[in-house]
Amino acid sequence: MKSAVIRQVKSMSMSCDRVGNLLLTKFSAHGASDVAVFVPASVVFWLLKHLPVNQDPNLQPPPAGPQITQWDWDHPNIPRAFTVQCKVLPGKISMTYNLDRKPDLTVVLDRSNVELMRQIMLAYSKDLIDLDA
């Protein structure tokens, strides 16, 4: 069994493919290099149904996320997520992505990054194709 790589997320960025099948998610981590993963639309729609909505009007946004370039889209070693499992922790959410060709990736997002992720996915949801709908 592959052990998960764990990253404490500092900031993140997302970008949608032209077809509407995937979001490229790039995480900037504390004390580690950036990591990217392709997230299928089905996982995005599942997350949108399950991620909590921010209730704190004073929540500060996270720092600017890493830049996503064409190199990220074309890089052959960026893994694709099959599934994601989420665990709610005090003030955080742990997300473990089951990946196709690398060890599982666990990212720990604070409340501001969870809300940023939710808002970005919501904005892209009109461009994504929900095959499970």
# chains A, B, ... in the order shown; residues from 1 in each chain; ligands from 1
$ residues_around --residues "segment 79-89 of chain A" --least-positions-apart "3" --cutoff "12 Å" --atoms "only C-alpha atoms" --output "VMD selection string"
chain A and resid 21 to 26 35 to 47 50 to 52 72 to 76 92 to 111 114
$ write_last_selection --atoms "N, CA and C atoms" --output "CSV table (one decimal), in the first residue's frame"
chain,number,residue,atom,x,y,z
A,21,ASN,N,-13.8,18.7,-18.4
A,21,ASN,CA,-13.7,17.4,-17.7
A,21,ASN,C,-12.9,17.6,-16.4
A,22,LEU,N,-11.9,18.5,-16.4
A,22,LEU,CA,-11.0,18.6,-15.3
A,22,LEU,C,-10.7,20.0,-14.8
A,23,LEU,N,-10.4,20.0,-13.5
A,23,LEU,CA,-9.7,21.2,-12.9
A,23,LEU,C,-8.3,20.8,-12.6
A,24,LEU,N,-7.4,21.7,-13.0
A,24,LEU,CA,-6.0,21.5,-12.5
A,24,LEU,C,-5.9,22.3,-11.2
A,25,THR,N,-5.5,21.6,-10.2
A,25,THR,CA,-5.4,22.2,-8.9
A,25,THR,C,-4.0,22.2,-8.5
A,26,LYS,N,-3.5,23.4,-8.1
A,26,LYS,CA,-2.0,23.5,-7.7
A,26,LYS,C,-2.0,24.1,-6.3
A,35,VAL,N,2.6,21.4,-5.5
A,35,VAL,CA,2.2,20.1,-6.0
A,35,VAL,C,0.9,20.4,-6.8
A,36,ALA,N,0.7,19.7,-7.9
A,36,ALA,CA,-0.4,19.8,-8.7
A,36,ALA,C,-1.1,18.5,-8.9
A,37,VAL,N,-2.5,18.5,-9.1
A,37,VAL,CA,-3.2,17.3,-9.4
A,37,VAL,C,-4.4,17.7,-10.3
A,38,PHE,N,-4.7,16.8,-11.2
A,38,PHE,CA,-5.9,17.0,-12.0
A,38,PHE,C,-7.1,16.4,-11.3
A,39,VAL,N,-8.2,17.2,-11.1
A,39,VAL,CA,-9.4,16.8,-10.4
A,39,VAL,C,-10.5,16.7,-11.4
A,40,PRO,N,-11.1,15.5,-11.6
A,40,PRO,CA,-12.2,15.3,-12.5
A,40,PRO,C,-13.4,16.1,-12.1
A,41,ALA,N,-14.2,16.4,-13.0
A,41,ALA,CA,-15.5,17.2,-12.8
A,41,ALA,C,-16.4,16.4,-11.7
A,42,SER,N,-16.4,15.1,-11.8
A,42,SER,CA,-17.3,14.4,-10.9
A,42,SER,C,-16.8,14.6,-9.4
A,43,VAL,N,-15.5,14.7,-9.2
A,43,VAL,CA,-15.0,15.0,-7.8
A,43,VAL,C,-15.3,16.4,-7.4
A,44,VAL,N,-15.2,17.3,-8.4
A,44,VAL,CA,-15.5,18.7,-8.1
A,44,VAL,C,-16.9,18.9,-7.7
A,45,PHE,N,-17.9,18.3,-8.4
A,45,PHE,CA,-19.3,18.4,-8.0
A,45,PHE,C,-19.6,17.7,-6.7
A,46,TRP,N,-18.9,16.6,-6.4
A,46,TRP,CA,-19.1,16.0,-5.1
A,46,TRP,C,-18.6,16.9,-4.0
A,47,LEU,N,-17.4,17.5,-4.2
A,47,LEU,CA,-16.9,18.5,-3.2
A,47,LEU,C,-17.8,19.7,-3.0
A,50,HIS,N,-20.4,18.9,-0.6
A,50,HIS,CA,-20.0,18.6,0.8
A,50,HIS,C,-19.1,19.6,1.5
A,51,LEU,N,-18.5,20.5,0.8
A,51,LEU,CA,-17.6,21.5,1.5
A,51,LEU,C,-18.5,22.5,2.2
A,52,PRO,N,-18.1,22.8,3.5
A,52,PRO,CA,-18.9,23.8,4.2
A,52,PRO,C,-18.7,25.2,3.6
A,72,ASP,N,2.2,23.4,-16.7
A,72,ASP,CA,1.4,22.5,-15.8
A,72,ASP,C,0.4,21.6,-16.5
A,73,TRP,N,-0.3,22.2,-17.5
A,73,TRP,CA,-1.2,21.4,-18.2
A,73,TRP,C,-0.6,20.3,-19.1
A,74,ASP,N,0.6,20.6,-19.6
A,74,ASP,CA,1.3,19.7,-20.5
A,74,ASP,C,2.2,18.7,-19.8
A,75,HIS,N,2.5,18.9,-18.6
A,75,HIS,CA,3.5,18.1,-17.9
A,75,HIS,C,2.9,16.7,-17.7
A,76,PRO,N,3.7,15.7,-18.2
A,76,PRO,CA,3.1,14.3,-18.2
A,76,PRO,C,3.1,13.6,-16.8
A,92,LYS,N,-10.0,23.1,10.2
A,92,LYS,CA,-9.3,22.7,9.0
A,92,LYS,C,-10.1,21.5,8.3
A,93,ILE,N,-9.7,21.2,7.1
A,93,ILE,CA,-10.2,20.0,6.4
A,93,ILE,C,-9.0,19.3,5.8
A,94,SER,N,-9.0,18.0,6.1
A,94,SER,CA,-7.9,17.2,5.5
A,94,SER,C,-8.6,16.5,4.3
A,95,MET,N,-7.9,16.6,3.1
A,95,MET,CA,-8.4,15.9,1.9
A,95,MET,C,-7.4,15.0,1.4
A,96,THR,N,-7.7,13.7,1.2
A,96,THR,CA,-6.8,12.7,0.7
A,96,THR,C,-7.3,12.4,-0.7
A,97,TYR,N,-6.4,12.7,-1.7
A,97,TYR,CA,-6.7,12.4,-3.1
A,97,TYR,C,-6.1,11.0,-3.4
A,98,ASN,N,-6.8,10.1,-3.9
A,98,ASN,CA,-6.3,8.8,-4.4
A,98,ASN,C,-5.9,9.1,-5.9
A,99,LEU,N,-4.6,9.0,-6.1
A,99,LEU,CA,-4.0,9.3,-7.4
A,99,LEU,C,-3.7,8.1,-8.3
A,100,ASP,N,-3.7,8.4,-9.6
A,100,ASP,CA,-3.5,7.3,-10.5
A,100,ASP,C,-2.1,6.8,-10.6
A,101,ARG,N,-1.1,7.7,-10.4
A,101,ARG,CA,0.3,7.2,-10.6
A,101,ARG,C,1.3,7.7,-9.6
A,102,LYS,N,0.9,8.2,-8.5
A,102,LYS,CA,1.8,8.6,-7.5
A,102,LYS,C,1.1,8.2,-6.1
A,103,PRO,N,1.9,8.3,-5.1
A,103,PRO,CA,1.3,8.0,-3.8
A,103,PRO,C,0.1,9.0,-3.5
A,104,ASP,N,-0.8,8.5,-2.7
A,104,ASP,CA,-1.9,9.4,-2.4
A,104,ASP,C,-1.4,10.7,-1.8
A,105,LEU,N,-2.2,11.8,-2.1
A,105,LEU,CA,-1.8,13.1,-1.6
A,105,LEU,C,-2.8,13.6,-0.6
A,106,THR,N,-2.4,13.9,0.6
A,106,THR,CA,-3.2,14.5,1.6
A,106,THR,C,-2.9,16.0,1.8
A,107,VAL,N,-3.8,16.8,1.6
A,107,VAL,CA,-3.6,18.2,1.8
A,107,VAL,C,-4.5,18.7,3.0
A,108,VAL,N,-3.9,19.6,3.8
A,108,VAL,CA,-4.7,20.1,4.9
A,108,VAL,C,-4.9,21.6,4.6
A,109,LEU,N,-6.2,21.9,4.5
A,109,LEU,CA,-6.6,23.3,4.2
A,109,LEU,C,-7.2,24.0,5.4
A,110,ASP,N,-6.7,25.2,5.7
A,110,ASP,CA,-7.4,26.0,6.7
A,110,ASP,C,-8.7,26.5,6.2
A,111,ARG,N,-9.5,27.2,7.0
A,111,ARG,CA,-10.8,27.6,6.6
A,111,ARG,C,-10.8,28.6,5.4
A,114,VAL,N,-10.3,26.5,2.3
A,114,VAL,CA,-11.5,25.7,2.0
A,114,VAL,C,-12.5,26.6,1.3
$ residues_around --residues "His30 of chain A" --least-positions-apart "5" --cutoff "10 Å" --atoms "only C-alpha atoms" --output "list in words"
Arg7, Gln8, Val9, Lys10 and Ser11 of chain A
$ write_last_selection --atoms "N, CA, C and O atoms" --output "JSON list (two decimals), in the first residue's frame"
[["chain", "number", "residue", "atom", "x", "y", "z"],
["A", 7, "ARG", "N", 0.67, 17.51, 2.87],
["A", 7, "ARG", "CA", 1.09, 18.89, 2.69],
["A", 7, "ARG", "C", 0.11, 19.82, 3.43],
["A", 7, "ARG", "O", -1.10, 19.71, 3.27],
["A", 8, "GLN", "N", 0.67, 20.75, 4.21],
["A", 8, "GLN", "CA", -0.11, 21.82, 4.83],
["A", 8, "GLN", "C", -0.19, 22.95, 3.81],
["A", 8, "GLN", "O", 0.82, 23.54, 3.46],
["A", 9, "VAL", "N", -1.37, 23.23, 3.29],
["A", 9, "VAL", "CA", -1.55, 24.17, 2.21],
["A", 9, "VAL", "C", -1.45, 25.61, 2.71],
["A", 9, "VAL", "O", -2.08, 25.99, 3.69],
["A", 10, "LYS", "N", -0.63, 26.38, 2.00],
["A", 10, "LYS", "CA", -0.48, 27.81, 2.26],
["A", 10, "LYS", "C", -1.45, 28.59, 1.37],
["A", 10, "LYS", "O", -2.13, 29.50, 1.82],
["A", 11, "SER", "N", -1.49, 28.22, 0.10],
["A", 11, "SER", "CA", -2.39, 28.84, -0.87],
["A", 11, "SER", "C", -2.61, 27.86, -2.01],
["A", 11, "SER", "O", -1.94, 26.83, -2.09]]
$ select_by_dssp --residues "segment 22-126 of chain A" --states "alpha helix (DSSP H)" --output "MDAnalysis selection string"
chainID A and resid 41:50 70:74 111:124
$ write_last_selection --atoms "C-alpha atoms" --output "compact mmCIF listing (two decimals), in the first residue's frame"
# COMPACT_ATOMS: atom_id res chain seq x y z
CA ALA A 41 -15.46 17.16 -12.75
CA SER A 42 -17.27 14.37 -10.86
CA VAL A 43 -15.00 14.95 -7.83
CA VAL A 44 -15.50 18.73 -8.11
CA PHE A 45 -19.29 18.37 -8.03
CA TRP A 46 -19.06 15.98 -5.07
CA LEU A 47 -16.88 18.47 -3.19
CA LEU A 48 -19.30 21.31 -3.96
CA LYS A 49 -22.08 19.30 -2.30
CA HIS A 50 -20.00 18.55 0.79
CA GLN A 70 0.66 25.80 -19.92
CA TRP A 71 3.64 23.79 -18.65
CA ASP A 72 1.44 22.53 -15.79
CA TRP A 73 -1.24 21.40 -18.23
CA ASP A 74 1.27 19.69 -20.52
CA ARG A 111 -10.81 27.63 6.62
CA SER A 112 -9.74 30.38 4.22
CA ASN A 113 -8.35 27.88 1.69
CA VAL A 114 -11.47 25.71 1.99
CA GLU A 115 -13.62 28.73 1.19
CA LEU A 116 -11.32 29.75 -1.67
CA MET A 117 -11.52 26.24 -3.11
CA ARG A 118 -15.32 26.21 -2.79
CA GLN A 119 -15.65 29.61 -4.50
CA ILE A 120 -13.31 28.69 -7.37
CA MET A 121 -15.07 25.36 -7.95
CA LEU A 122 -18.45 27.11 -7.86
CA ALA A 123 -17.23 29.64 -10.44
CA TYR A 124 -15.98 26.84 -12.72
$ select_by_dssp --residues "chain A" --states "strand (DSSP E or B)" --output "number ranges by chain"
A: 5-16, 22-29, 35-40, 80-89, 92-99, 105-110
